[in-house]
Amino acid sequence: MGLVDLFKKIEPDKKKSPFLHTAYDAFFTFAFTPNTTTSGKGVHIRDGMDLKRTMVIVVLALQLCYVFGTYNIGHQHFSAVGMYPGFLEGFHLKLGHGLIQLLPIFIWTHVVGLGIEFWFAAKKGHAVEEGFLVSGALIPLIMPPDIPIWILCVSVAFAVILGKEAFGGTGMNIWNVALLARVFVFFAYPTTISGDEVWVSGFESMAPGSAVDYGWAHNMLNGLFSWMNIDTFNSAAVVADGYSGATPLALAYQGGWENVTQNFTVAQMWWGTIPGSIGESPKPLILIGAAVLIATGIASWRIMLSMFLGAAFMGLVFNAWGATPFMEVPWYYHFYIGSFFFAMAFMATDPVTASSTNTGKWIYGFLIGAIGLLIRVFNPAYPEGWMLAILFLNTMAPLIDHYVLEANMKKRLSHA
Amino acid sequence: MVLASVFSISDNIIQIEAQKQGIDTRKKNMSIFPSFSELFGTPAPEYADKSTFHRLSKGFDIKLAGTAEGDVLNAEVSRYAVKPTDFRGIAPIPKLEVQEGQEVSAGEALFFDKSDPEIKYVAPVSGEVVEVRRGTKRSISHVVILADKEQRQKKNAVPSSDASREEWIAYLKGSGAWPHINQRPFDVIADPATVPDNIFISGFDSAPLAISYDHILDLRGDDFQAGIDVLNRLTEGKVFLGLDGRSGKRPHEVLLNANNVETHWFEGKHPSGNVGVQIHHIAPIRGNASVWTLKIEDVLVIGKLCTEGVYDTTRVVGITGARCKEPSIIRTLAGANLSDLLKDKLVSEDNNRVILGNVLTGDQAKGDEFLSIRSNQITVLKEGNYYELFGWLLPIKPRPSTSKTYPNFLFSDHKFDGDTNTHGEQRAFVVTGQYEKVLPMDIYPQHLMKAILTGDIERMEALGINELSEEDVALAEFSCTSKQPLQAILRDGLNMMREQA
């Protein structure tokens with residue numbers, strides 16, 4: 001194959017420039033599956049499945065969330081100023097604004113994350129592992145659209161260095177890398193990821209009357225749009241009266257379900273045209289992704305199902321208890337607000353940090369569902385629980401596995 | 001509602017009571033409700049015994065092209081070899097009893113292991129020892145014999161029928177039969193000092209492209225029964241025979257009519273034919289227990305030695321794989337030369353992987369090689385030393401896979417050519433629950449592998465390493481997303497356990 005020879009010609013020397021060689025190797029194995037054959041001892045044929053394919057299926061399952069998330073950034077922005085209320089009205093402006101917000105987040109996540117991965121791989125002399133393919137695709141989707149880029153970079157660096165490489169790289173980490181990046185922002189820079197101000201982008205402040213905050217990219221697009229003779233970004237627009245920017249979760253915490261439905265319709269919440277983290281809101285699109293992961297066997301259906309059951313169980317308990325307005329939110333509406341499905345499909349199912357035994361997966365998922373809803377309903381500082389619940393259960397997963405394995409060992413030893 | 005719960009609770013109580021009385025409710029349905037498999041599973045064949053019928057839901061059949069079919073052909077082979085490396089658990093440099101140039105007759109001792117000089121490893125044919133081939137560090141890899149035109153057999157004096165267990169063991173050790181008996185734990189040549197709890201024989205091979213035992217069992221009913229009878233003298237427990245319960249694969253009459261064995265039926269994908277899996281479902285190895293295992297061919301070798309007193313390793317061998325012109329079945333002896341067997345049989349001489357055994361557990365044949373005593377199969381595949389553009393993302397060529405990301409389930413009858421490409425690089429363990437899907441045993445293979453890698457002997461034992469052999473984890477190694485060498489890891493663990501024991 002001529003292309004292979006072309007690639008092989010530019011291969012850097014491994015000894016002289018290990019970093020360049022690592023980078024080259026990563027891109028080469030990305031383009032071509034290597035020509036290695038089985039060793040002659042052990043199996044002679046190998047499954048067509050490898051880690052690259054496993055990871056890319058997850059990334060593919062996330063693509064609908066990316067498309068919708070990008071557009072929704074723009075849609076929420078214009079909802080705040082009270083322009084283009086229809087979902088498809090002002091299509092080019094919403095898409096343009098969405099891309100202006102998302103692209104820097106996406107690019108910087110990968111520059112920082114992959115850069116660190118490549119550097120560690122070169123230092124340790126092994127191939128670049130695929131773990132960050134998925135982490136890098138997940139991190140932008142769970143960040144607020146207005147996150148300052150430097151905070152994003154610091155959090156990604158923290159998650160990759162301390163959360164993963166310190167433990168030995170892909171497959172060795174204890175906590176979900178993407179969630180670790182988010183929890184770092186949450187504890188270090190809480191004002192950028194909680195409250196009513198951060199879920200809609202393009203404003204300095206969300207107080208009514210505040211002006212939009214457009215930059216050079218908007219001006220550039222304006223040039224293009226005016227040349228095309230279509231609507232342009234209006235920098236005189238201000239936040240409409242009565243607009244709060246609050247998410248359904250915050251509203252539910254303040255005044256129960258009634259308070260939520262005064263601001264958002266149920267259909268709106270289901271389809272995801274609400275403020276929130278970039279990719280968490282479109283429930284049907286996330287469920288399509290979840291279905292892809294289950295059908296291909298990439299993610300564990302046990303974790304997804306038991307997590308759903310755990311959350312439903314806790315929701316029913318709260319309904320029966322009913323001490324606060326939030327507890328009285330019907331249990332099934334808990335799935336409409338917040339990021340339950342995203343956490344269920346993409347976060348809890350990370351095979352490295354989840355429980356590794358099938359029995360353990362049932363326990364692990366159920367507890368995430370139950371504890372996550374507990375945090376959502378009880379924690380006044382932060383009305384969403386899945387991130388903390390998953391990280392907590394990540395910590396506990398080895399313990400769950402320990403007892404599952406103990407039971408198996410005991411069965412064997414008791415017959416001795 | 002009330003009535004239903006009364007039914008359900010009393011039904012449960014019956015089952016609890018049944019378990020207390022030691023009835024295995026997995027095998028015998030004590031409930032008034034039919035079990036799921038009784039309703040929807042394929043029914044057991046009518047010739048099978050329902051009470052010892054085991055249905056294994058886990059496993060995977062790798063469908064490869066090149067199944068050996070047709071009549072059994074006789075092969076012309078000039079050279080044979082006995083390979084010390086074929087026998088698990090003996091030292092790399094056994095003590096030779098012959099020298100190059102010496103004449104031997106079939107059944108005469110060639111070498112012995114210094115740990116037990118009474119166990120003889122004997123010649124399959126008569127002829128001249130033409131070569132003692134050495135491997136690394138002066139280990140002996142082959143003792144090659146140029147076969148005589150007229151075969152001479154060494155005739156052993158068979159012990160009388162009322163001989164003691166010790167006499168039988170001494171006879172089997174001296175006549176060359178002993179290395180045909182393996183033991184678990186460790187899957188090595190059986191320790192004659194122990195009395196095995198049970199002896200297990202698998203009556204079928206479920207591995208990819210495996211041939212049926214029918215051809216070798218034809219007209220060998222007496223030998224088989226004689227072998228079984230001798231084995232019964234060696235154990236205080238039972239001799240178990242695992243039979244093929246897969247639909248449309250009726251076992252040979254010799255197996256169906258065997259006496260003095262307890263037969264169990266196994267239905268399911270590979271590895272349902274592995275003796276280790278069958279042991280797990282019949283009488284699992286616990287604690288210090290030790291069991292012996294034999295293949296059908298081994299029972300026949302013992303049977304012939306115990307009736308006529310001659311060492312006869314007649315093999316019916318499948319020459320299989322996509323690189324064979326016409327996959328065929330041939331009759332020869334153990335240790336036959338490969339180049340004789342494969343003459344004019346391959347599509348092309350270049351870029352082949354010749355495997356002594358099946359694609360999962362066989363050894364690669366490099367250079368002038370000879371049939372392994374441990375298998376009845378040769379598989380020839382194409383080497384997979386090619387680059388593939390975006391092969392992990394958009395594979396153009398179909399390839400076998402347990403993963404549902406390949407649409408293989410749509411073409412369930414497709415037979416893959418298969419090649420030796422690794423389809424990816426080795427990585428750390430990432431995916432979980434994958435090995436369990438292809439190992440029908442109550443074992444956590446990934447945790448066991450990690451225990452071996454960390455050298456934790458007690459944990460290895462508790463997680464069930466004593467029940468396993470390489471062939472049992474071979475399918476997990478095939479399906480492993482991280483391309484880990486599980487069989488090699490397991491053997492390291494077994495060696496560690498053996499040194500400790």
# chains A, B, ... in the order shown; residues from 1 in each chain; ligands from 1
>>> residues_around(residues="stretch 73-89 of chain B", least_positions_apart="3", cutoff="6 Å", atoms="only C-alpha atoms", output="mmCIF file with N, CA and C atoms, in the first residue's frame")
data_model
loop_
_atom_site.group_PDB
_atom_site.id
_atom_site.type_symbol
_atom_site.label_atom_id
_atom_site.label_comp_id
_atom_site.auth_asym_id
_atom_site.auth_seq_id
_atom_site.Cartn_x
_atom_site.Cartn_y
_atom_site.Cartn_z
ATOM 1 N N SER B 141 14.224 -30.786 22.359
ATOM 2 C CA SER B 141 12.930 -30.428 21.787
ATOM 3 C C SER B 141 12.314 -31.578 20.991
ATOM 4 N N HIS B 142 13.124 -32.372 20.305
ATOM 5 C CA HIS B 142 12.567 -33.465 19.499
ATOM 6 C C HIS B 142 13.488 -34.682 19.576
ATOM 7 N N VAL B 143 12.891 -35.864 19.609
ATOM 8 C CA VAL B 143 13.632 -37.089 19.328
ATOM 9 C C VAL B 143 13.006 -37.659 18.057
ATOM 10 N N VAL B 144 13.761 -37.569 16.947
ATOM 11 C CA VAL B 144 13.195 -37.886 15.637
ATOM 12 C C VAL B 144 13.542 -39.320 15.249
ATOM 13 N N ILE B 145 12.557 -40.048 14.746
ATOM 14 C CA ILE B 145 12.747 -41.451 14.357
ATOM 15 C C ILE B 145 12.394 -41.610 12.884
ATOM 16 N N LEU B 146 13.299 -42.228 12.126
ATOM 17 C CA LEU B 146 13.000 -42.575 10.739
ATOM 18 C C LEU B 146 12.337 -43.950 10.752
ATOM 19 N N ALA B 147 11.077 -44.001 10.332
ATOM 20 C CA ALA B 147 10.276 -45.209 10.519
ATOM 21 C C ALA B 147 10.726 -46.333 9.588
ATOM 22 N N VAL B 188 -1.120 -30.952 34.381
ATOM 23 C CA VAL B 188 0.184 -31.548 34.068
ATOM 24 C C VAL B 188 0.029 -33.067 34.107
ATOM 25 N N ILE B 330 -7.161 -37.440 7.997
ATOM 26 C CA ILE B 330 -6.200 -38.493 7.699
ATOM 27 C C ILE B 330 -5.951 -39.356 8.934
ATOM 28 N N ARG B 331 -5.501 -40.576 8.669
ATOM 29 C CA ARG B 331 -5.153 -41.466 9.773
ATOM 30 C C ARG B 331 -3.643 -41.592 9.810
ATOM 31 N N GLY B 335 2.892 -37.728 16.482
ATOM 32 C CA GLY B 335 4.265 -37.334 16.179
ATOM 33 C C GLY B 335 4.641 -37.401 14.720
ATOM 34 N N ALA B 336 3.664 -37.528 13.818
ATOM 35 C CA ALA B 336 3.978 -37.623 12.395
ATOM 36 C C ALA B 336 4.522 -36.298 11.878
ATOM 37 N N ASN B 337 5.386 -36.401 10.869
ATOM 38 C CA ASN B 337 6.015 -35.204 10.310
ATOM 39 C C ASN B 337 5.012 -34.368 9.532
ATOM 40 N N ASP B 340 5.247 -34.073 5.583
ATOM 41 C CA ASP B 340 4.650 -35.230 4.912
ATOM 42 C C ASP B 340 3.130 -35.120 4.878
#
>>> closest_atom_pairs(of="chain B", to="chain A", cutoff="6 Å", atoms="only C-alpha atoms", output="CSV")
residue,atom,partner,partner_atom,distance
B:Arg286,CA,A:Ala416,CA,5.0
B:Gly287,CA,A:Ala416,CA,4.2
B:Val359,CA,A:His44,CA,5.2
B:Leu360,CA,A:Val43,CA,4.3
B:Thr361,CA,A:Gly42,CA,5.7
B:Asp363,CA,A:Lys41,CA,5.7
B:Gln364,CA,A:Gly40,CA,4.9
B:Gly384,CA,A:Thr37,CA,5.8
B:Asn385,CA,A:Asn35,CA,4.5
B:Tyr386,CA,A:Asn35,CA,4.5
B:Tyr387,CA,A:Asn35,CA,4.9
B:Glu388,CA,A:Phe32,CA,5.0
B:Leu389,CA,A:Phe32,CA,4.4
B:Phe390,CA,A:Ala31,CA,5.1
B:Gly391,CA,A:Thr33,CA,5.3
B:Trp392,CA,A:Arg53,CA,5.5
B:Ser401,CA,A:Asp47,CA,4.7
B:Lys404,CA,A:Thr296,CA,4.7
B:Thr405,CA,A:Thr296,CA,5.0
B:Thr420,CA,A:Ile45,CA,4.8
B:Asn421,CA,A:Thr37,CA,4.4
B:Thr422,CA,A:Thr37,CA,5.3
B:His423,CA,A:Gly48,CA,5.4
B:Gly424,CA,A:Asp50,CA,5.4
B:Ala428,CA,A:Gly171,CA,5.7
B:Phe429,CA,A:Gly171,CA,5.9
B:Val430,CA,A:Gly171,CA,4.9
B:Val431,CA,A:Pro351,CA,5.6
B:Thr432,CA,A:Ser356,CA,5.5
B:Ala462,CA,A:Met409,CA,5.0
B:Leu463,CA,A:Met409,CA,5.7
B:Phe478,CA,A:Arg46,CA,4.9
B:Ser479,CA,A:Asp47,CA,5.1
B:Thr481,CA,A:Asp50,CA,4.6
B:Gln487,CA,A:Gly42,CA,5.8
>>> write_last_selection(atoms="C-alpha atoms", output="compact mmCIF listing (two decimals), in the first residue's frame")
# COMPACT_ATOMS: atom_id res chain seq x y z
CA ARG B 286 -12.35 -28.06 45.73
CA GLY B 287 -9.59 -27.74 48.27
CA VAL B 359 -6.61 -21.71 16.56
CA LEU B 360 -7.19 -21.08 20.24
CA THR B 361 -4.76 -23.39 22.01
CA ASP B 363 1.28 -24.06 19.06
CA GLN B 364 2.72 -22.46 15.97
CA GLY B 384 -2.18 -11.29 9.22
CA ASN B 385 0.90 -9.14 8.73
CA TYR B 386 -0.82 -6.32 6.88
CA TYR B 387 -1.72 -2.74 7.65
CA GLU B 388 -5.33 -1.77 7.38
CA LEU B 389 -6.48 1.79 6.79
CA PHE B 390 -8.85 2.75 9.64
CA GLY B 391 -9.21 -0.98 10.31
CA TRP B 392 -10.52 -0.36 13.81
CA SER B 401 -15.76 -11.17 16.83
CA LYS B 404 -21.96 -6.73 18.56
CA THR B 405 -20.33 -3.68 17.00
CA THR B 420 -3.41 -13.96 12.70
CA ASN B 421 -3.59 -10.17 12.82
CA THR B 422 -4.03 -8.93 16.38
CA HIS B 423 -6.54 -6.26 15.25
CA GLY B 424 -5.17 -3.76 17.73
CA ALA B 428 -4.37 -2.51 30.25
CA PHE B 429 -7.56 -4.24 31.37
CA VAL B 430 -10.38 -1.80 30.66
CA VAL B 431 -13.55 -3.60 29.64
CA THR B 432 -15.19 -5.70 32.35
CA ALA B 462 -9.68 -18.97 46.26
CA LEU B 463 -10.68 -17.55 42.87
CA PHE B 478 -9.60 -14.36 21.88
CA SER B 479 -12.35 -11.93 22.81
CA THR B 481 -10.44 -6.08 23.89
CA GLN B 487 -3.22 -18.29 28.60
>>> select_by_dssp(residues="stretch 98-290 of chain A", states="helix (DSSP H, G or I)", output="VMD selection string")
chain A and resid 98 to 124 131 to 141 149 to 167 177 to 188 190 to 192 216 to 227 248 to 263 266 to 271 283 to 290
>>> closest_residue(among="A:Leu93, A:Ala348, A:Ile100, A:Val266", to="A:Thr232", atoms="only C-alpha atoms")
A:Leu93
>>> residues_around(residues="A:Gly136", least_positions_apart="3", cutoff="8 Å", atoms="only C-alpha atoms", output="PyMOL selection string")
chain A and resi 106+109-110+113+132-133+139-140+178
>>> select_by_dssp(residues="stretch 160-230 of chain B", states="strand (DSSP E or B)", output="list in words")
Asn182, Gln183, Arg184, Val188, Ile189, Ile199, Phe200, Ile201 and Ser202 of chain B
>>> residues_around(residues="A:Phe186", least_positions_apart="4", cutoff="12 Å", atoms="only C-alpha atoms", output="JSON list (two decimals) with N, CA and C atoms, in the first residue's frame")
[["chain", "number", "residue", "atom", "x", "y", "z"],
["A", 142, "ILE", "N", -20.32, 18.39, 29.64],
["A", 142, "ILE", "CA", -20.79, 18.53, 31.02],
["A", 142, "ILE", "C", -20.34, 19.85, 31.63],
["A", 143, "MET", "N", -19.83, 20.75, 30.78],
["A", 143, "MET", "CA", -19.41, 22.05, 31.28],
["A", 143, "MET", "C", -20.49, 23.09, 30.95],
["A", 144, "PRO", "N", -20.58, 24.15, 31.76],
["A", 144, "PRO", "CA", -21.49, 25.24, 31.40],
["A", 144, "PRO", "C", -20.97, 25.94, 30.15],
["A", 147, "ILE", "N", -18.04, 28.65, 30.47],
["A", 147, "ILE", "CA", -16.89, 28.39, 31.34],
["A", 147, "ILE", "C", -15.65, 29.13, 30.82],
["A", 151, "ILE", "N", -9.98, 28.17, 33.26],
["A", 151, "ILE", "CA", -10.47, 27.26, 34.31],
["A", 151, "ILE", "C", -10.65, 25.87, 33.73],
["A", 152, "LEU", "N", -11.19, 25.83, 32.51],
["A", 152, "LEU", "CA", -11.36, 24.54, 31.85],
["A", 152, "LEU", "C", -10.01, 23.82, 31.72],
["A", 155, "SER", "N", -8.73, 22.49, 34.99],
["A", 155, "SER", "CA", -9.48, 21.34, 35.48],
["A", 155, "SER", "C", -9.14, 20.08, 34.67],
["A", 179, "LEU", "N", -15.69, 13.40, 35.07],
["A", 179, "LEU", "CA", -16.36, 13.96, 36.24],
["A", 179, "LEU", "C", -15.37, 14.61, 37.19],
["A", 180, "LEU", "N", -14.16, 14.08, 37.20],
["A", 180, "LEU", "CA", -13.13, 14.67, 38.06],
["A", 180, "LEU", "C", -12.82, 16.09, 37.60],
["A", 181, "ALA", "N", -12.80, 16.28, 36.27],
["A", 181, "ALA", "CA", -12.58, 17.63, 35.75],
["A", 181, "ALA", "C", -13.71, 18.56, 36.20],
["A", 182, "ARG", "N", -14.91, 18.03, 36.15],
["A", 182, "ARG", "CA", -16.05, 18.87, 36.51],
["A", 182, "ARG", "C", -16.08, 19.15, 38.01],
["A", 190, "PRO", "N", -16.59, 27.57, 42.25],
["A", 190, "PRO", "CA", -18.03, 27.22, 42.27],
["A", 190, "PRO", "C", -18.91, 28.22, 41.55],
["A", 191, "THR", "N", -18.49, 29.49, 41.52],
["A", 191, "THR", "CA", -19.39, 30.46, 40.89],
["A", 191, "THR", "C", -19.48, 30.27, 39.39],
["A", 192, "THR", "N", -18.53, 29.57, 38.79],
["A", 192, "THR", "CA", -18.60, 29.39, 37.34],
["A", 192, "THR", "C", -19.45, 28.19, 36.95],
["A", 193, "ILE", "N", -19.93, 27.43, 37.92],
["A", 193, "ILE", "CA", -20.64, 26.19, 37.56],
["A", 193, "ILE", "C", -21.88, 25.98, 38.41],
["A", 194, "SER", "N", -22.28, 26.96, 39.21],
["A", 194, "SER", "CA", -23.53, 26.80, 39.95],
["A", 194, "SER", "C", -24.24, 28.15, 40.03],
["A", 195, "GLY", "N", -25.48, 28.11, 40.37],
["A", 195, "GLY", "CA", -26.29, 29.32, 40.43],
["A", 195, "GLY", "C", -27.09, 29.51, 39.16],
["A", 381, "ALA", "N", -26.82, 23.56, 48.37],
["A", 381, "ALA", "CA", -25.76, 24.28, 47.68],
["A", 381, "ALA", "C", -25.75, 23.94, 46.20],
["A", 382, "TYR", "N", -26.16, 22.75, 45.88],
["A", 382, "TYR", "CA", -25.98, 22.34, 44.50],
["A", 382, "TYR", "C", -27.06, 21.35, 44.13],
["A", 384, "GLU", "N", -27.90, 19.19, 42.01],
["A", 384, "GLU", "CA", -27.82, 18.03, 41.14],
["A", 384, "GLU", "C", -26.86, 17.04, 41.78],
["A", 387, "MET", "N", -23.13, 13.73, 39.70],
["A", 387, "MET", "CA", -21.68, 13.83, 39.68],
["A", 387, "MET", "C", -21.09, 13.33, 41.00],
["A", 388, "LEU", "N", -21.64, 13.85, 42.11],
["A", 388, "LEU", "CA", -21.10, 13.48, 43.41],
["A", 388, "LEU", "C", -21.41, 12.01, 43.72]]
>>> residues_around(residues="B:Ile201", least_positions_apart="5", cutoff="6 Å", atoms="only C-alpha atoms", output="list in words")
Leu241, Thr293, Leu294 and Lys295 of chain B
>>> residues_around(residues="B:Pro271", least_positions_apart="4", cutoff="7 Å", atoms="only C-alpha atoms", output="list in words")
Gly59, Ser206, Ala207 and Asp472 of chain B
>>> residues_around(residues="A:His75", least_positions_apart="4", cutoff="12 Å", atoms="only C-alpha atoms", output="MDAnalysis selection string")
chainID A and resid 68:71 79:99 145 199:202 272:276 278
>>> write_last_selection(atoms="N, CA and C atoms", output="short mmCIF file (atom, residue, chain, number, x, y, z; two decimals), in the first residue's frame")
data_model
loop_
_atom_site.label_atom_id
_atom_site.label_comp_id
_atom_site.auth_asym_id
_atom_site.auth_seq_id
_atom_site.Cartn_x
_atom_site.Cartn_y
_atom_site.Cartn_z
N PHE A 68 -27.06 18.81 19.09
CA PHE A 68 -28.13 19.52 19.78
C PHE A 68 -27.55 20.53 20.77
N GLY A 69 -26.53 20.11 21.51
CA GLY A 69 -25.96 20.98 22.54
C GLY A 69 -25.45 22.27 21.96
N THR A 70 -24.77 22.18 20.82
CA THR A 70 -24.24 23.37 20.17
C THR A 70 -25.36 24.34 19.82
N TYR A 71 -26.40 23.78 19.21
CA TYR A 71 -27.50 24.64 18.79
C TYR A 71 -28.23 25.22 20.00
N SER A 79 -33.16 33.09 23.74
CA SER A 79 -34.33 33.06 24.61
C SER A 79 -34.18 34.12 25.70
N ALA A 80 -32.96 34.29 26.20
CA ALA A 80 -32.73 35.23 27.29
C ALA A 80 -33.01 36.66 26.86
N VAL A 81 -32.67 36.97 25.61
CA VAL A 81 -32.93 38.34 25.15
C VAL A 81 -34.30 38.47 24.52
N GLY A 82 -35.05 37.37 24.51
CA GLY A 82 -36.42 37.41 24.02
C GLY A 82 -36.53 37.51 22.51
N MET A 83 -35.48 37.07 21.79
CA MET A 83 -35.56 37.09 20.32
C MET A 83 -35.69 35.66 19.80
N TYR A 84 -36.22 35.53 18.60
CA TYR A 84 -36.35 34.23 17.92
C TYR A 84 -36.89 33.14 18.86
N PRO A 85 -38.10 33.31 19.36
CA PRO A 85 -38.61 32.33 20.33
C PRO A 85 -38.80 30.93 19.73
N GLY A 86 -39.11 30.85 18.42
CA GLY A 86 -39.26 29.52 17.82
C GLY A 86 -37.93 28.80 17.78
N PHE A 87 -37.95 27.47 17.89
CA PHE A 87 -36.70 26.73 18.01
C PHE A 87 -35.83 26.90 16.77
N LEU A 88 -36.47 26.92 15.58
CA LEU A 88 -35.67 26.99 14.36
C LEU A 88 -35.53 28.40 13.82
N GLU A 89 -36.17 29.36 14.46
CA GLU A 89 -36.01 30.75 14.02
C GLU A 89 -34.59 31.22 14.30
N GLY A 90 -34.06 32.01 13.43
CA GLY A 90 -32.70 32.52 13.62
C GLY A 90 -31.68 31.41 13.65
N PHE A 91 -31.88 30.43 12.79
CA PHE A 91 -31.07 29.21 12.83
C PHE A 91 -29.58 29.50 12.75
N HIS A 92 -29.19 30.35 11.76
CA HIS A 92 -27.76 30.57 11.55
C HIS A 92 -27.14 31.30 12.74
N LEU A 93 -27.92 32.20 13.37
CA LEU A 93 -27.39 32.95 14.51
C LEU A 93 -27.19 32.03 15.71
N LYS A 94 -28.18 31.17 15.96
CA LYS A 94 -28.07 30.26 17.10
C LYS A 94 -26.92 29.29 16.90
N LEU A 95 -26.82 28.77 15.69
CA LEU A 95 -25.72 27.84 15.41
C LEU A 95 -24.38 28.55 15.53
N GLY A 96 -24.35 29.77 14.97
CA GLY A 96 -23.10 30.54 15.01
C GLY A 96 -22.67 30.79 16.44
N HIS A 97 -23.60 31.26 17.27
CA HIS A 97 -23.25 31.54 18.66
C HIS A 97 -22.84 30.26 19.38
N GLY A 98 -23.57 29.17 19.09
CA GLY A 98 -23.23 27.88 19.71
C GLY A 98 -21.82 27.46 19.39
N LEU A 99 -21.45 27.57 18.12
CA LEU A 99 -20.11 27.16 17.71
C LEU A 99 -19.04 28.05 18.34
N PRO A 145 -21.85 26.48 29.32
CA PRO A 145 -21.39 27.04 28.04
C PRO A 145 -20.48 28.25 28.21
N TRP A 199 -25.67 29.29 33.14
CA TRP A 199 -26.15 28.28 32.19
C TRP A 199 -26.53 28.85 30.85
N VAL A 200 -26.55 30.17 30.77
CA VAL A 200 -26.82 30.82 29.49
C VAL A 200 -25.61 31.66 29.15
N SER A 201 -25.14 31.54 27.91
CA SER A 201 -23.87 32.17 27.57
C SER A 201 -24.07 33.49 26.86
N GLY A 202 -23.02 34.28 26.86
CA GLY A 202 -23.02 35.51 26.07
C GLY A 202 -23.43 36.74 26.86
N GLY A 272 -35.32 19.10 25.79
CA GLY A 272 -34.04 19.64 26.21
C GLY A 272 -33.78 21.07 25.84
N THR A 273 -34.80 21.84 25.44
CA THR A 273 -34.56 23.24 25.09
C THR A 273 -34.61 24.09 26.35
N ILE A 274 -33.76 23.74 27.30
CA ILE A 274 -33.70 24.43 28.59
C ILE A 274 -32.25 24.76 28.87
N PRO A 275 -32.00 25.73 29.76
CA PRO A 275 -30.61 26.00 30.12
C PRO A 275 -30.00 24.85 30.90
N GLY A 276 -28.68 24.71 30.79
CA GLY A 276 -28.02 23.64 31.53
C GLY A 276 -26.62 23.44 30.98
N ILE A 278 -23.79 21.78 28.59
CA ILE A 278 -23.95 21.81 27.13
C ILE A 278 -24.71 20.61 26.58
#
>>> atom_distance(atom1="atom CA of B:Ile16", atom2="atom CA of B:Ser51")
19.2 Å
>>> atom_distance(atom1="atom CA of A:Trp150", atom2="atom CA of A:Val58")
26.8 Å
>>> decode(residues="stretch 237-248 of chain B", atoms="N, CA and C atoms", output="PDB file, in the first residue's frame")
ATOM      1  N   GLY B 237     -13.129 -42.859  43.150  1.00  0.00           N
ATOM      2  CA  GLY B 237     -14.398 -42.243  42.761  1.00  0.00           C
ATOM      3  C   GLY B 237     -14.925 -42.870  41.484  1.00  0.00           C
ATOM      4  N   LYS B 238     -15.435 -42.023  40.622  1.00  0.00           N
ATOM      5  CA  LYS B 238     -16.050 -42.525  39.401  1.00  0.00           C
ATOM      6  C   LYS B 238     -15.256 -42.083  38.173  1.00  0.00           C
ATOM      7  N   VAL B 239     -15.576 -42.729  37.070  1.00  0.00           N
ATOM      8  CA  VAL B 239     -15.081 -42.255  35.780  1.00  0.00           C
ATOM      9  C   VAL B 239     -16.262 -41.585  35.090  1.00  0.00           C
ATOM     10  N   PHE B 240     -16.082 -40.303  34.744  1.00  0.00           N
ATOM     11  CA  PHE B 240     -17.155 -39.542  34.108  1.00  0.00           C
ATOM     12  C   PHE B 240     -16.843 -39.347  32.637  1.00  0.00           C
ATOM     13  N   LEU B 241     -17.882 -39.441  31.827  1.00  0.00           N
ATOM     14  CA  LEU B 241     -17.730 -39.219  30.387  1.00  0.00           C
ATOM     15  C   LEU B 241     -18.684 -38.102  29.970  1.00  0.00           C
ATOM     16  N   GLY B 242     -18.134 -37.022  29.440  1.00  0.00           N
ATOM     17  CA  GLY B 242     -18.972 -35.912  28.975  1.00  0.00           C
ATOM     18  C   GLY B 242     -19.383 -36.133  27.530  1.00  0.00           C
ATOM     19  N   LEU B 243     -20.680 -36.107  27.271  1.00  0.00           N
ATOM     20  CA  LEU B 243     -21.161 -36.397  25.918  1.00  0.00           C
ATOM     21  C   LEU B 243     -21.741 -35.155  25.260  1.00  0.00           C
ATOM     22  N   ASP B 244     -21.731 -35.182  23.954  1.00  0.00           N
ATOM     23  CA  ASP B 244     -22.168 -34.046  23.156  1.00  0.00           C
ATOM     24  C   ASP B 244     -23.690 -33.969  23.146  1.00  0.00           C
ATOM     25  N   GLY B 245     -24.240 -32.932  23.760  1.00  0.00           N
ATOM     26  CA  GLY B 245     -25.692 -32.776  23.783  1.00  0.00           C
ATOM     27  C   GLY B 245     -26.192 -31.765  22.783  1.00  0.00           C
ATOM     28  N   ARG B 246     -25.277 -31.263  21.938  1.00  0.00           N
ATOM     29  CA  ARG B 246     -25.707 -30.288  20.942  1.00  0.00           C
ATOM     30  C   ARG B 246     -26.561 -30.988  19.896  1.00  0.00           C
ATOM     31  N   SER B 247     -27.595 -30.304  19.456  1.00  0.00           N
ATOM     32  CA  SER B 247     -28.562 -30.988  18.598  1.00  0.00           C
ATOM     33  C   SER B 247     -27.903 -31.395  17.277  1.00  0.00           C
ATOM     34  N   GLY B 248     -28.273 -32.546  16.796  1.00  0.00           N
ATOM     35  CA  GLY B 248     -27.750 -33.037  15.526  1.00  0.00           C
ATOM     36  C   GLY B 248     -26.360 -33.613  15.601  1.00  0.00           C
TER      37      GLY B 248
END
